[in-house]
$ cat run30.cif   # mmCIF, C-alpha atoms
data_entry
#
loop_
_atom_site.group_PDB
_atom_site.id
_atom_site.type_symbol
_atom_site.label_atom_id
_atom_site.label_comp_id
_atom_site.auth_asym_id
_atom_site.auth_seq_id
_atom_site.Cartn_x
_atom_site.Cartn_y
_atom_site.Cartn_z
ATOM 1 C CA MET A 1 13.418 21.361 -18.975
ATOM 2 C CA ILE A 2 9.704 20.741 -18.576
ATOM 3 C CA PRO A 3 8.634 17.772 -16.406
ATOM 4 C CA ALA A 4 6.901 14.810 -17.966
ATOM 5 C CA SER A 5 3.125 14.983 -17.584
ATOM 6 C CA PHE A 6 1.586 13.677 -14.358
ATOM 7 C CA ASP A 7 -1.726 13.734 -12.506
ATOM 8 C CA TYR A 8 -2.023 15.730 -9.302
ATOM 9 C CA VAL A 9 -3.941 15.222 -6.077
ATOM 10 C CA ALA A 10 -3.974 17.377 -2.930
ATOM 11 C CA PRO A 11 -5.518 15.485 0.005
ATOM 12 C CA SER A 12 -6.718 17.405 3.057
ATOM 13 C CA THR A 13 -6.076 14.698 5.670
ATOM 14 C CA VAL A 14 -3.312 12.233 6.472
ATOM 15 C CA GLU A 15 -5.731 9.362 5.885
ATOM 16 C CA GLU A 16 -6.527 10.616 2.388
ATOM 17 C CA ALA A 17 -2.818 10.929 1.613
ATOM 18 C CA VAL A 18 -2.117 7.385 2.790
ATOM 19 C CA GLU A 19 -5.028 6.082 0.709
ATOM 20 C CA ALA A 20 -3.688 7.903 -2.350
ATOM 21 C CA LEU A 21 -0.291 6.283 -1.820
ATOM 22 C CA ARG A 22 -1.947 2.872 -1.504
ATOM 23 C CA GLN A 23 -4.015 3.444 -4.632
ATOM 24 C CA TYR A 24 -1.269 4.777 -6.902
ATOM 25 C CA GLY A 25 1.624 2.741 -5.492
ATOM 26 C CA ASP A 26 4.996 2.956 -7.233
ATOM 27 C CA GLY A 27 3.648 5.512 -9.683
ATOM 28 C CA ALA A 28 3.258 8.206 -7.026
ATOM 29 C CA LYS A 29 5.604 10.746 -5.465
ATOM 30 C CA ILE A 30 4.993 12.836 -2.360
ATOM 31 C CA LEU A 31 5.331 16.628 -2.690
ATOM 32 C CA ALA A 32 6.189 18.487 0.520
ATOM 33 C CA GLY A 33 8.036 21.777 0.026
ATOM 34 C CA GLY A 34 9.231 20.724 -3.414
ATOM 35 C CA GLN A 35 12.808 21.940 -3.005
ATOM 36 C CA SER A 36 14.203 18.503 -3.851
ATOM 37 C CA LEU A 37 11.419 16.938 -5.921
ATOM 38 C CA LEU A 38 10.747 19.755 -8.398
ATOM 39 C CA PRO A 39 14.332 19.974 -9.736
ATOM 40 C CA VAL A 40 14.320 16.189 -10.165
ATOM 41 C CA LEU A 41 11.068 16.395 -12.128
ATOM 42 C CA ARG A 42 12.310 19.257 -14.291
ATOM 43 C CA MET A 43 15.451 17.290 -15.205
ATOM 44 C CA ARG A 44 13.275 14.217 -15.829
ATOM 45 C CA LEU A 45 15.352 12.127 -13.464
ATOM 46 C CA ASN A 46 12.022 10.825 -12.224
ATOM 47 C CA ALA A 47 8.679 10.763 -14.000
ATOM 48 C CA PRO A 48 5.865 9.791 -11.597
ATOM 49 C CA GLU A 49 2.348 9.213 -12.849
ATOM 50 C CA TRP A 50 0.902 10.956 -9.791
ATOM 51 C CA VAL A 51 2.128 13.730 -7.476
ATOM 52 C CA ILE A 52 0.512 13.774 -4.036
ATOM 53 C CA ASP A 53 0.751 17.273 -2.554
ATOM 54 C CA LEU A 54 0.682 17.392 1.283
ATOM 55 C CA GLY A 55 0.416 21.183 1.416
ATOM 56 C CA ARG A 56 -3.296 21.237 2.289
ATOM 57 C CA ILE A 57 -2.984 18.938 5.312
ATOM 58 C CA HIS A 58 -2.986 21.525 8.094
ATOM 59 C CA SER A 59 -2.478 18.934 10.833
ATOM 60 C CA LEU A 60 1.059 18.377 9.514
ATOM 61 C CA LYS A 61 2.088 21.964 10.211
ATOM 62 C CA GLY A 62 3.182 23.642 13.425
ATOM 63 C CA ILE A 63 5.228 23.161 16.580
ATOM 64 C CA ARG A 64 3.853 22.205 19.959
ATOM 65 C CA ASP A 65 5.090 21.484 23.473
ATOM 66 C CA ASP A 66 4.361 17.904 24.498
ATOM 67 C CA GLY A 67 5.769 17.768 28.009
ATOM 68 C CA ASP A 68 9.286 16.371 27.772
ATOM 69 C CA ALA A 69 9.454 16.796 24.002
ATOM 70 C CA LEU A 70 8.760 19.242 21.198
ATOM 71 C CA VAL A 71 6.677 18.006 18.291
ATOM 72 C CA ILE A 72 7.417 19.504 14.884
ATOM 73 C CA GLY A 73 4.933 18.798 12.111
ATOM 74 C CA ALA A 74 6.495 17.390 8.969
ATOM 75 C CA MET A 75 5.112 20.184 6.762
ATOM 76 C CA THR A 76 6.395 22.991 8.990
ATOM 77 C CA PRO A 77 8.583 25.350 6.900
ATOM 78 C CA HIS A 78 12.227 25.760 7.892
ATOM 79 C CA SER A 79 11.673 29.477 8.482
ATOM 80 C CA VAL A 80 9.010 28.726 11.103
ATOM 81 C CA VAL A 81 11.346 26.309 12.916
ATOM 82 C CA ALA A 82 14.146 28.897 12.872
ATOM 83 C CA ALA A 83 11.926 31.603 14.385
ATOM 84 C CA ASP A 84 10.056 29.530 16.977
ATOM 85 C CA PRO A 85 10.829 30.446 20.620
ATOM 86 C CA LEU A 86 10.106 26.907 21.868
ATOM 87 C CA VAL A 87 12.747 25.505 19.539
ATOM 88 C CA ALA A 88 15.252 28.168 20.604
ATOM 89 C CA GLU A 89 14.655 27.341 24.280
ATOM 90 C CA HIS A 90 14.494 23.551 24.182
ATOM 91 C CA ALA A 91 16.371 22.499 21.015
ATOM 92 C CA ALA A 92 18.761 25.353 20.298
ATOM 93 C CA ILE A 93 20.879 23.352 17.869
ATOM 94 C CA LEU A 94 17.933 23.258 15.430
ATOM 95 C CA THR A 95 17.608 27.045 15.510
ATOM 96 C CA LYS A 96 21.288 27.402 14.686
ATOM 97 C CA ALA A 97 21.379 24.712 12.001
ATOM 98 C CA VAL A 98 18.229 25.797 10.168
ATOM 99 C CA ALA A 99 19.490 29.383 10.038
ATOM 100 C CA THR A 100 22.395 28.178 7.852
ATOM 101 C CA LEU A 101 20.277 26.010 5.548
ATOM 102 C CA ALA A 102 20.443 27.204 1.923
ATOM 103 C CA ASP A 103 18.904 30.687 1.502
ATOM 104 C CA GLU A 104 15.767 32.507 2.637
ATOM 105 C CA GLN A 105 13.679 31.398 -0.338
ATOM 106 C CA VAL A 106 14.422 27.738 0.335
ATOM 107 C CA ARG A 107 13.814 28.183 4.070
ATOM 108 C CA HIS A 108 10.383 29.681 3.377
ATOM 109 C CA ARG A 109 9.324 26.952 0.936
ATOM 110 C CA GLY A 110 11.204 23.895 2.154
ATOM 111 C CA THR A 111 9.756 21.801 4.983
ATOM 112 C CA PHE A 112 11.329 20.253 8.051
ATOM 113 C CA GLY A 113 9.939 16.783 7.420
ATOM 114 C CA GLY A 114 10.464 16.916 3.684
ATOM 115 C CA ALA A 115 14.181 17.509 4.093
ATOM 116 C CA LEU A 116 14.516 14.665 6.590
ATOM 117 C CA ALA A 117 12.471 12.247 4.479
ATOM 118 C CA HIS A 118 14.708 13.081 1.495
ATOM 119 C CA ALA A 119 17.590 11.708 3.621
ATOM 120 C CA ASP A 120 20.449 13.472 1.872
ATOM 121 C CA PRO A 121 23.502 12.844 4.106
ATOM 122 C CA ALA A 122 24.774 16.307 3.144
ATOM 123 C CA GLY A 123 21.549 17.954 4.347
ATOM 124 C CA ASP A 124 21.768 20.309 7.309
ATOM 125 C CA LEU A 125 19.064 18.666 9.449
ATOM 126 C CA GLY A 126 20.046 15.001 9.753
ATOM 127 C CA GLY A 127 23.049 15.523 12.038
ATOM 128 C CA PRO A 128 21.218 17.942 14.364
ATOM 129 C CA VAL A 129 18.115 15.754 14.789
ATOM 130 C CA ARG A 130 20.290 12.697 15.418
ATOM 131 C CA SER A 131 22.210 14.633 18.061
ATOM 132 C CA LEU A 132 18.883 15.346 19.794
ATOM 133 C CA ASP A 133 17.721 11.690 19.829
ATOM 134 C CA ALA A 134 14.736 12.515 17.633
ATOM 135 C CA GLU A 135 11.854 10.143 16.944
ATOM 136 C CA PHE A 136 9.915 9.996 13.682
ATOM 137 C CA VAL A 137 6.174 9.330 13.544
ATOM 138 C CA LEU A 138 5.064 7.561 10.357
ATOM 139 C CA ALA A 139 1.520 7.005 9.123
ATOM 140 C CA GLY A 140 0.490 4.126 6.858
ATOM 141 C CA PRO A 141 -2.418 1.802 6.096
ATOM 142 C CA SER A 142 -1.917 -0.034 9.408
ATOM 143 C CA GLY A 143 -1.901 3.151 11.481
ATOM 144 C CA ARG A 144 0.954 5.113 13.010
ATOM 145 C CA ARG A 145 4.297 3.957 14.291
ATOM 146 C CA THR A 146 7.320 5.671 15.823
ATOM 147 C CA VAL A 147 10.874 5.077 14.626
ATOM 148 C CA GLY A 148 14.004 6.160 16.506
ATOM 149 C CA HIS A 149 16.719 8.216 14.863
ATOM 150 C CA ASP A 150 19.123 5.249 14.824
ATOM 151 C CA GLU A 151 16.698 3.286 12.629
ATOM 152 C CA PHE A 152 15.141 6.040 10.523
ATOM 153 C CA PHE A 153 18.148 6.785 8.303
ATOM 154 C CA VAL A 154 18.907 3.592 6.387
ATOM 155 C CA GLY A 155 21.187 4.622 3.519
ATOM 156 C CA LEU A 156 21.815 7.201 0.826
ATOM 157 C CA PHE A 157 18.436 8.913 0.209
ATOM 158 C CA GLU A 158 16.795 5.980 2.004
ATOM 159 C CA THR A 159 14.775 5.859 5.208
ATOM 160 C CA ALA A 160 12.787 3.315 7.193
ATOM 161 C CA MET A 161 9.531 4.599 5.658
ATOM 162 C CA SER A 162 7.643 2.087 3.556
ATOM 163 C CA GLU A 163 6.384 3.152 0.138
ATOM 164 C CA ASP A 164 2.864 3.485 1.547
ATOM 165 C CA GLU A 165 3.852 5.609 4.569
ATOM 166 C CA ILE A 166 4.345 9.320 5.124
ATOM 167 C CA LEU A 167 6.233 11.193 7.813
ATOM 168 C CA THR A 168 3.738 13.132 9.952
ATOM 169 C CA GLU A 169 5.852 14.644 12.749
ATOM 170 C CA VAL A 170 9.222 14.604 14.465
ATOM 171 C CA ARG A 171 9.471 14.360 18.261
ATOM 172 C CA ILE A 172 12.472 16.167 19.747
ATOM 173 C CA PRO A 173 13.368 15.453 23.399
ATOM 174 C CA LYS A 174 13.931 18.731 25.215
ATOM 175 C CA HIS A 175 17.525 19.839 25.803
ATOM 176 C CA THR A 176 16.643 22.877 27.875
ATOM 177 C CA GLY A 177 19.624 24.869 29.085
ATOM 178 C CA TRP A 178 22.116 23.069 26.851
ATOM 179 C CA GLY A 179 24.649 25.123 24.923
ATOM 180 C CA ALA A 180 24.569 24.507 21.188
ATOM 181 C CA HIS A 181 26.515 25.312 18.057
ATOM 182 C CA TYR A 182 26.403 24.237 14.403
ATOM 183 C CA GLU A 183 29.728 24.462 12.606
ATOM 184 C CA LYS A 184 29.907 23.722 8.895
ATOM 185 C CA PHE A 185 32.436 24.134 6.133
ATOM 186 C CA VAL A 186 31.484 25.160 2.594
ATOM 187 C CA ARG A 187 33.464 26.454 -0.354
ATOM 188 C CA VAL A 188 30.785 28.928 -1.462
ATOM 189 C CA ALA A 189 27.721 30.372 0.260
ATOM 190 C CA HIS A 190 24.553 28.238 0.319
ATOM 191 C CA GLN A 191 26.431 25.130 -0.819
ATOM 192 C CA TRP A 192 25.777 21.710 0.670
ATOM 193 C CA PRO A 193 28.258 21.354 3.548
ATOM 194 C CA ILE A 194 31.455 19.484 2.765
ATOM 195 C CA CYS A 195 31.341 18.570 6.441
ATOM 196 C CA ALA A 196 29.340 19.909 9.379
ATOM 197 C CA VAL A 197 29.044 19.243 13.102
ATOM 198 C CA ALA A 198 26.067 19.785 15.409
ATOM 199 C CA ALA A 199 27.084 19.973 19.081
ATOM 200 C CA SER A 200 24.883 20.312 22.159
ATOM 201 C CA VAL A 201 26.579 20.453 25.554
ATOM 202 C CA ARG A 202 25.373 20.495 29.164
ATOM 203 C CA VAL A 203 27.939 22.103 31.440
ATOM 204 C CA GLU A 204 27.726 21.889 35.232
ATOM 205 C CA GLY A 205 30.216 23.583 37.520
ATOM 206 C CA GLY A 206 32.858 23.900 34.831
ATOM 207 C CA THR A 207 32.535 20.234 33.813
ATOM 208 C CA ILE A 208 30.963 18.851 30.633
ATOM 209 C CA ALA A 209 28.266 16.633 32.097
ATOM 210 C CA GLU A 210 26.892 15.492 28.711
ATOM 211 C CA ALA A 211 27.459 16.139 25.022
ATOM 212 C CA ARG A 212 25.521 15.169 21.911
ATOM 213 C CA ILE A 213 27.223 15.438 18.516
ATOM 214 C CA GLY A 214 25.850 14.845 15.031
ATOM 215 C CA LEU A 215 27.927 14.689 11.844
ATOM 216 C CA THR A 216 26.860 15.815 8.373
ATOM 217 C CA ASN A 217 28.255 14.384 5.108
ATOM 218 C CA MET A 218 30.520 11.882 6.843
ATOM 219 C CA GLY A 219 28.839 8.755 5.471
ATOM 220 C CA SER A 220 25.791 7.547 3.570
ATOM 221 C CA THR A 221 23.594 8.677 6.475
ATOM 222 C CA PRO A 222 23.838 11.369 9.171
ATOM 223 C CA LEU A 223 25.984 10.081 12.044
ATOM 224 C CA ARG A 224 26.445 10.410 15.781
ATOM 225 C CA ALA A 225 30.020 10.967 17.004
ATOM 226 C CA ARG A 226 29.560 8.721 20.014
ATOM 227 C CA ALA A 227 33.289 8.256 20.595
ATOM 228 C CA VAL A 228 33.599 12.009 21.124
ATOM 229 C CA GLU A 229 30.532 12.085 23.365
ATOM 230 C CA GLU A 230 32.024 9.383 25.588
ATOM 231 C CA ALA A 231 35.487 10.947 25.615
ATOM 232 C CA VAL A 232 34.322 14.429 26.593
ATOM 233 C CA ALA A 233 31.688 13.507 29.199
ATOM 234 C CA GLY A 234 32.935 14.265 32.708
ATOM 235 C CA GLN A 235 35.886 16.275 31.443
ATOM 236 C CA PRO A 236 36.584 19.890 32.375
ATOM 237 C CA ALA A 237 35.191 22.436 29.948
ATOM 238 C CA THR A 238 38.612 23.409 28.647
ATOM 239 C CA GLU A 239 40.143 23.677 25.198
ATOM 240 C CA GLU A 240 42.665 20.952 26.005
ATOM 241 C CA ALA A 241 40.028 18.416 27.035
ATOM 242 C CA ILE A 242 37.822 19.233 24.061
ATOM 243 C CA ARG A 243 40.697 19.041 21.596
ATOM 244 C CA SER A 244 41.607 15.580 22.884
ATOM 245 C CA ALA A 245 38.017 14.330 22.595
ATOM 246 C CA ALA A 246 37.463 15.887 19.156
ATOM 247 C CA ALA A 247 40.302 13.805 17.742
ATOM 248 C CA HIS A 248 37.862 10.846 17.824
ATOM 249 C CA ALA A 249 35.267 12.600 15.597
ATOM 250 C CA ALA A 250 35.781 10.444 12.496
ATOM 251 C CA GLU A 251 35.801 7.092 14.292
ATOM 252 C CA GLY A 252 33.305 4.787 12.615
ATOM 253 C CA ALA A 253 32.639 7.256 9.789
ATOM 254 C CA ASP A 254 32.910 6.426 6.096
ATOM 255 C CA PRO A 255 33.087 9.833 4.401
ATOM 256 C CA PRO A 256 32.748 10.169 0.630
ATOM 257 C CA SER A 257 35.405 11.391 -1.767
ATOM 258 C CA ASP A 258 34.290 13.873 -4.431
ATOM 259 C CA LEU A 259 35.334 17.096 -6.148
ATOM 260 C CA ASN A 260 35.008 19.013 -2.875
ATOM 261 C CA GLY A 261 37.451 16.809 -0.976
ATOM 262 C CA ASP A 262 38.538 13.252 -0.409
ATOM 263 C CA ALA A 263 37.700 11.066 2.566
ATOM 264 C CA ASP A 264 40.866 11.896 4.529
ATOM 265 C CA TYR A 265 40.212 15.604 4.084
ATOM 266 C CA ARG A 266 36.716 15.171 5.514
ATOM 267 C CA ARG A 267 38.067 13.168 8.460
ATOM 268 C CA HIS A 268 40.407 16.039 9.268
ATOM 269 C CA LEU A 269 37.589 18.552 8.890
ATOM 270 C CA ALA A 270 35.365 16.540 11.217
ATOM 271 C CA SER A 271 37.954 16.757 13.991
ATOM 272 C CA VAL A 272 38.539 20.486 13.505
ATOM 273 C CA LEU A 273 34.855 21.369 13.258
ATOM 274 C CA THR A 274 33.961 19.189 16.238
ATOM 275 C CA ARG A 275 36.516 21.017 18.361
ATOM 276 C CA ARG A 276 35.155 24.388 17.271
ATOM 277 C CA ALA A 277 31.525 23.380 17.766
ATOM 278 C CA LEU A 278 32.134 21.905 21.218
ATOM 279 C CA MET A 279 34.068 24.941 22.373
ATOM 280 C CA ALA A 280 31.353 27.311 21.181
ATOM 281 C CA ALA A 281 28.580 25.177 22.710
ATOM 282 C CA ALA A 282 30.450 25.027 26.021
ATOM 283 C CA GLY A 283 30.983 28.778 26.000
ATOM 284 C CA ILE A 284 34.752 28.661 25.770
#
$ encode --input "run30.cif" --output "structure tokens"
Amino acid sequence: MIPASFDYVAPSTVEEAVEALRQYGDGAKILAGGQSLLPVLRMRLNAPEWVIDLGRIHSLKGIRDDGDALVIGAMTPHSVVAADPLVAEHAAILTKAVATLADEQVRHRGTFGGALAHADPAGDLGGPVRSLDAEFVLAGPSGRRTVGHDEFFVGLFETAMSEDEILTEVRIPKHTGWGAHYEKFVRVAHQWPICAVAASVRVEGGTIAEARIGLTNMGSTPLRARAVEEAVAGQPATEEAIRSAAAHAAEGADPPSDLNGDADYRRHLASVLTRRALMAAAGI
């Protein structure tokens, strides 16, 4: 189908984008990489009066080292994140997760911040960024503010961003030297994951000193498997210890039931995939 008619504006600064949002209000939609918005427009599931394209705001693109954190601009394409050596060194789970996201065309056009702002609980980035304790920098009429990962994801396709705010960058605390693995289960290639697990592990002297685990498609938002993190910390890096901890993967989760599997099936998958991801991240 052909989208309903709309007016188009392409600001060159964050301030201009925020002003456009203020001016056009509920009638405006933000365009980042367009991988989610354009299909919605073509199917006429949404018909905005204005589309505000962030593609010309160069300050929203790129990755930089900021001491104890990496800063990833919201308009940075997935392919750039996947290929960046800083990300591979300090946030390896992102390198692994992004490499599995959709296909090469989507990874070249889709943007890191756009996918996170879309807040699809089945998306491949929410679990990994939650496992890394990410922070989200938002810009609005009153200036900029930073929101933690626990507060950013509010509900299904819903974030803590106000209607007059945009996501400018994501701050990722460094996890240098941590093992990482992203394990996901799909029925066909390039499908949204039925369930996925992002695991980062710090091993010292044969013991799992710390673990960070994010869950994909196990609720209305990306989740942290904190019960597993607590159970595995301080345990020997062995299959037996990891298997015991992974049994707690679905605690606190509220997975959906759909044509790909019911909630109990996803709970089982979460335990299996968590075990696999932890073992791979720990080098077992």
$ closest_residue --input "run30.cif" --among "A:Lys174, A:Arg243, A:Arg109, A:Arg267" --to "Gly67 in chain A" --atoms "all atoms listed in the file"
A:Lys174
$ residues_around --input "run30.cif" --residues "Met43 in chain A" --least-positions-apart "2" --cutoff "7 Å" --atoms "all atoms listed in the file" --output "list of chain:residue names"
A:Met1, A:Pro3, A:Pro39, A:Val40, A:Leu41, A:Leu45
$ resolve_selection --input "run30.cif" --expression "the PyMOL selection byres ((chain A and resi 30) around 7)" --output "PyMOL selection string"
chain A and resi 28-29+31-32+51-53
$ write_last_selection --input "run30.cif" --atoms "C-alpha atoms" --output "CSV table (one decimal), keeping the file's coordinate frame"
chain,number,residue,atom,x,y,z
A,28,ALA,CA,3.3,8.2,-7.0
A,29,LYS,CA,5.6,10.7,-5.5
A,31,LEU,CA,5.3,16.6,-2.7
A,32,ALA,CA,6.2,18.5,0.5
A,51,VAL,CA,2.1,13.7,-7.5
A,52,ILE,CA,0.5,13.8,-4.0
A,53,ASP,CA,0.8,17.3,-2.6
$ resolve_selection --input "run30.cif" --expression "the PyMOL selection byres ((chain A and resi 9-12) around 10)" --output "PDB file with C-alpha atoms, in the coordinates of the input"
ATOM      1  CA  ASP A   7      -1.726  13.734 -12.506  1.00  0.00           C
ATOM      2  CA  TYR A   8      -2.023  15.730  -9.302  1.00  0.00           C
ATOM      3  CA  THR A  13      -6.076  14.698   5.670  1.00  0.00           C
ATOM      4  CA  VAL A  14      -3.312  12.233   6.472  1.00  0.00           C
ATOM      5  CA  GLU A  15      -5.731   9.362   5.885  1.00  0.00           C
ATOM      6  CA  GLU A  16      -6.527  10.616   2.388  1.00  0.00           C
ATOM      7  CA  ALA A  17      -2.818  10.929   1.613  1.00  0.00           C
ATOM      8  CA  VAL A  18      -2.117   7.385   2.790  1.00  0.00           C
ATOM      9  CA  GLU A  19      -5.028   6.082   0.709  1.00  0.00           C
ATOM     10  CA  ALA A  20      -3.688   7.903  -2.350  1.00  0.00           C
ATOM     11  CA  ILE A  30       4.993  12.836  -2.360  1.00  0.00           C
ATOM     12  CA  LEU A  31       5.331  16.628  -2.690  1.00  0.00           C
ATOM     13  CA  TRP A  50       0.902  10.956  -9.791  1.00  0.00           C
ATOM     14  CA  VAL A  51       2.128  13.730  -7.476  1.00  0.00           C
ATOM     15  CA  ILE A  52       0.512  13.774  -4.036  1.00  0.00           C
ATOM     16  CA  ASP A  53       0.751  17.273  -2.554  1.00  0.00           C
ATOM     17  CA  LEU A  54       0.682  17.392   1.283  1.00  0.00           C
ATOM     18  CA  GLY A  55       0.416  21.183   1.416  1.00  0.00           C
ATOM     19  CA  ARG A  56      -3.296  21.237   2.289  1.00  0.00           C
ATOM     20  CA  ILE A  57      -2.984  18.938   5.312  1.00  0.00           C
ATOM     21  CA  HIS A  58      -2.986  21.525   8.094  1.00  0.00           C
ATOM     22  CA  SER A  59      -2.478  18.934  10.833  1.00  0.00           C
TER      23      SER A  59
END
$ resolve_selection --input "run30.cif" --expression "the PyMOL selection byres ((chain A and resi 87) around 12)" --output "MDAnalysis selection string"
chainID A and resid 62:65 69:72 78:86 88:98 132 171:177 180
$ atom_distance --input "run30.cif" --atom1 "CA of Leu259 in chain A" --atom2 "CA of Val228 in chain A"
27.8 Å
$ atom_distance --input "run30.cif" --atom1 "CA of Pro255 in chain A" --atom2 "CA of Gly127 in chain A"
13.8 Å
$ atom_distance --input "run30.cif" --atom1 "CA of Ala233 in chain A" --atom2 "CA of Glu210 in chain A"
5.2 Å
$ closest_residue --input "run30.cif" --among "A:Arg224, A:Arg107, A:Arg187, A:Arg266" --to "Ser200 in chain A" --atoms "only C-alpha atoms"
A:Arg224
$ closest_residue --input "run30.cif" --among "A:Ala250, A:Ala99, A:Val129, A:Ala119" --to "Phe157 in chain A" --atoms "all atoms listed in the file"
A:Ala119
$ residues_around --input "run30.cif" --residues "His181 in chain A" --least-positions-apart "5" --cutoff "6 Å" --atoms "all atoms listed in the file" --output "JSON list (two decimals) with C-alpha atoms, keeping the file's coordinate frame"
[["chain", "number", "residue", "atom", "x", "y", "z"],
["A", 93, "ILE", "CA", 20.88, 23.35, 17.87],
["A", 199, "ALA", "CA", 27.08, 19.97, 19.08],
["A", 277, "ALA", "CA", 31.52, 23.38, 17.77],
["A", 281, "ALA", "CA", 28.58, 25.18, 22.71]]
$ axis_aligned_box --input "run30.cif" --around "range 245-251 of chain A" --padding-each-side "8 Å" --output "lines of an AutoDock Vina configuration file"
center_x = 37.8
center_y = 11.5
center_z = 17.5
size_x = 21.0
size_y = 24.8
size_z = 26.1
$ residues_around --input "run30.cif" --residues "Thr76 in chain A" --least-positions-apart "5" --cutoff "6 Å" --atoms "only C-alpha atoms" --output "list in words"
Lys61, Gly62, Thr111 and Phe112 of chain A
$ residues_around --input "run30.cif" --residues "Lys184 in chain A" --least-positions-apart "3" --cutoff "9 Å" --atoms "only C-alpha atoms" --output "ChimeraX atom specification"
/A:100,124,193-198,216,273
$ closest_residue --input "run30.cif" --among "A:Ala282, A:Ala245, A:Ala115, A:Met161" --to "Leu138 in chain A" --atoms "all atoms listed in the file"
A:Met161
$ residues_around --input "run30.cif" --residues "Glu169 in chain A" --least-positions-apart "6" --cutoff "7 Å" --atoms "all atoms listed in the file" --output "list of chain:residue names"
A:Leu60, A:Val71, A:Ile72, A:Gly73, A:Ala74, A:Phe136, A:Val137
$ write_last_selection --input "run30.cif" --atoms "C-alpha atoms" --output "short mmCIF file (atom, residue, chain, number, x, y, z; two decimals), in the frame of the given file"
data_model
loop_
_atom_site.label_atom_id
_atom_site.label_comp_id
_atom_site.auth_asym_id
_atom_site.auth_seq_id
_atom_site.Cartn_x
_atom_site.Cartn_y
_atom_site.Cartn_z
CA LEU A 60 1.06 18.38 9.51
CA VAL A 71 6.68 18.01 18.29
CA ILE A 72 7.42 19.50 14.88
CA GLY A 73 4.93 18.80 12.11
CA ALA A 74 6.50 17.39 8.97
CA PHE A 136 9.91 10.00 13.68
CA VAL A 137 6.17 9.33 13.54
#
$ decode --input "run30.cif" --residues "range 166-178 of chain A" --atoms "N, CA and C atoms" --output "short mmCIF file (atom, residue, chain, number, x, y, z; two decimals), in the first residue's frame"
data_model
loop_
_atom_site.label_atom_id
_atom_site.label_comp_id
_atom_site.auth_asym_id
_atom_site.auth_seq_id
_atom_site.Cartn_x
_atom_site.Cartn_y
_atom_site.Cartn_z
N ILE A 166 13.60 13.21 22.24
CA ILE A 166 14.23 12.23 21.36
C ILE A 166 15.40 11.59 22.08
N LEU A 167 15.71 10.37 21.70
CA LEU A 167 16.88 9.68 22.23
C LEU A 167 18.10 10.14 21.45
N THR A 168 19.12 10.64 22.15
CA THR A 168 20.31 11.16 21.47
C THR A 168 21.48 10.18 21.51
N GLU A 169 21.65 9.47 22.63
CA GLU A 169 22.78 8.53 22.74
C GLU A 169 22.52 7.53 23.84
N VAL A 170 23.26 6.43 23.79
CA VAL A 170 23.19 5.39 24.80
C VAL A 170 24.57 5.21 25.40
N ARG A 171 24.66 5.29 26.73
CA ARG A 171 25.92 5.13 27.44
C ARG A 171 26.02 3.69 27.96
N ILE A 172 27.10 3.02 27.57
CA ILE A 172 27.31 1.61 27.91
C ILE A 172 28.53 1.49 28.83
N PRO A 173 28.33 1.18 30.12
CA PRO A 173 29.49 0.95 30.98
C PRO A 173 30.39 -0.15 30.41
N LYS A 174 31.68 0.06 30.50
CA LYS A 174 32.62 -0.90 29.92
C LYS A 174 32.61 -2.22 30.69
N HIS A 175 32.61 -3.30 29.94
CA HIS A 175 32.75 -4.66 30.50
C HIS A 175 33.96 -5.31 29.84
N THR A 176 35.09 -4.65 29.99
CA THR A 176 36.33 -5.09 29.36
C THR A 176 36.79 -6.42 29.94
N GLY A 177 37.11 -7.36 29.07
CA GLY A 177 37.61 -8.65 29.52
C GLY A 177 36.54 -9.65 29.89
N TRP A 178 35.28 -9.26 29.81
CA TRP A 178 34.18 -10.18 30.11
C TRP A 178 33.92 -11.08 28.90
#
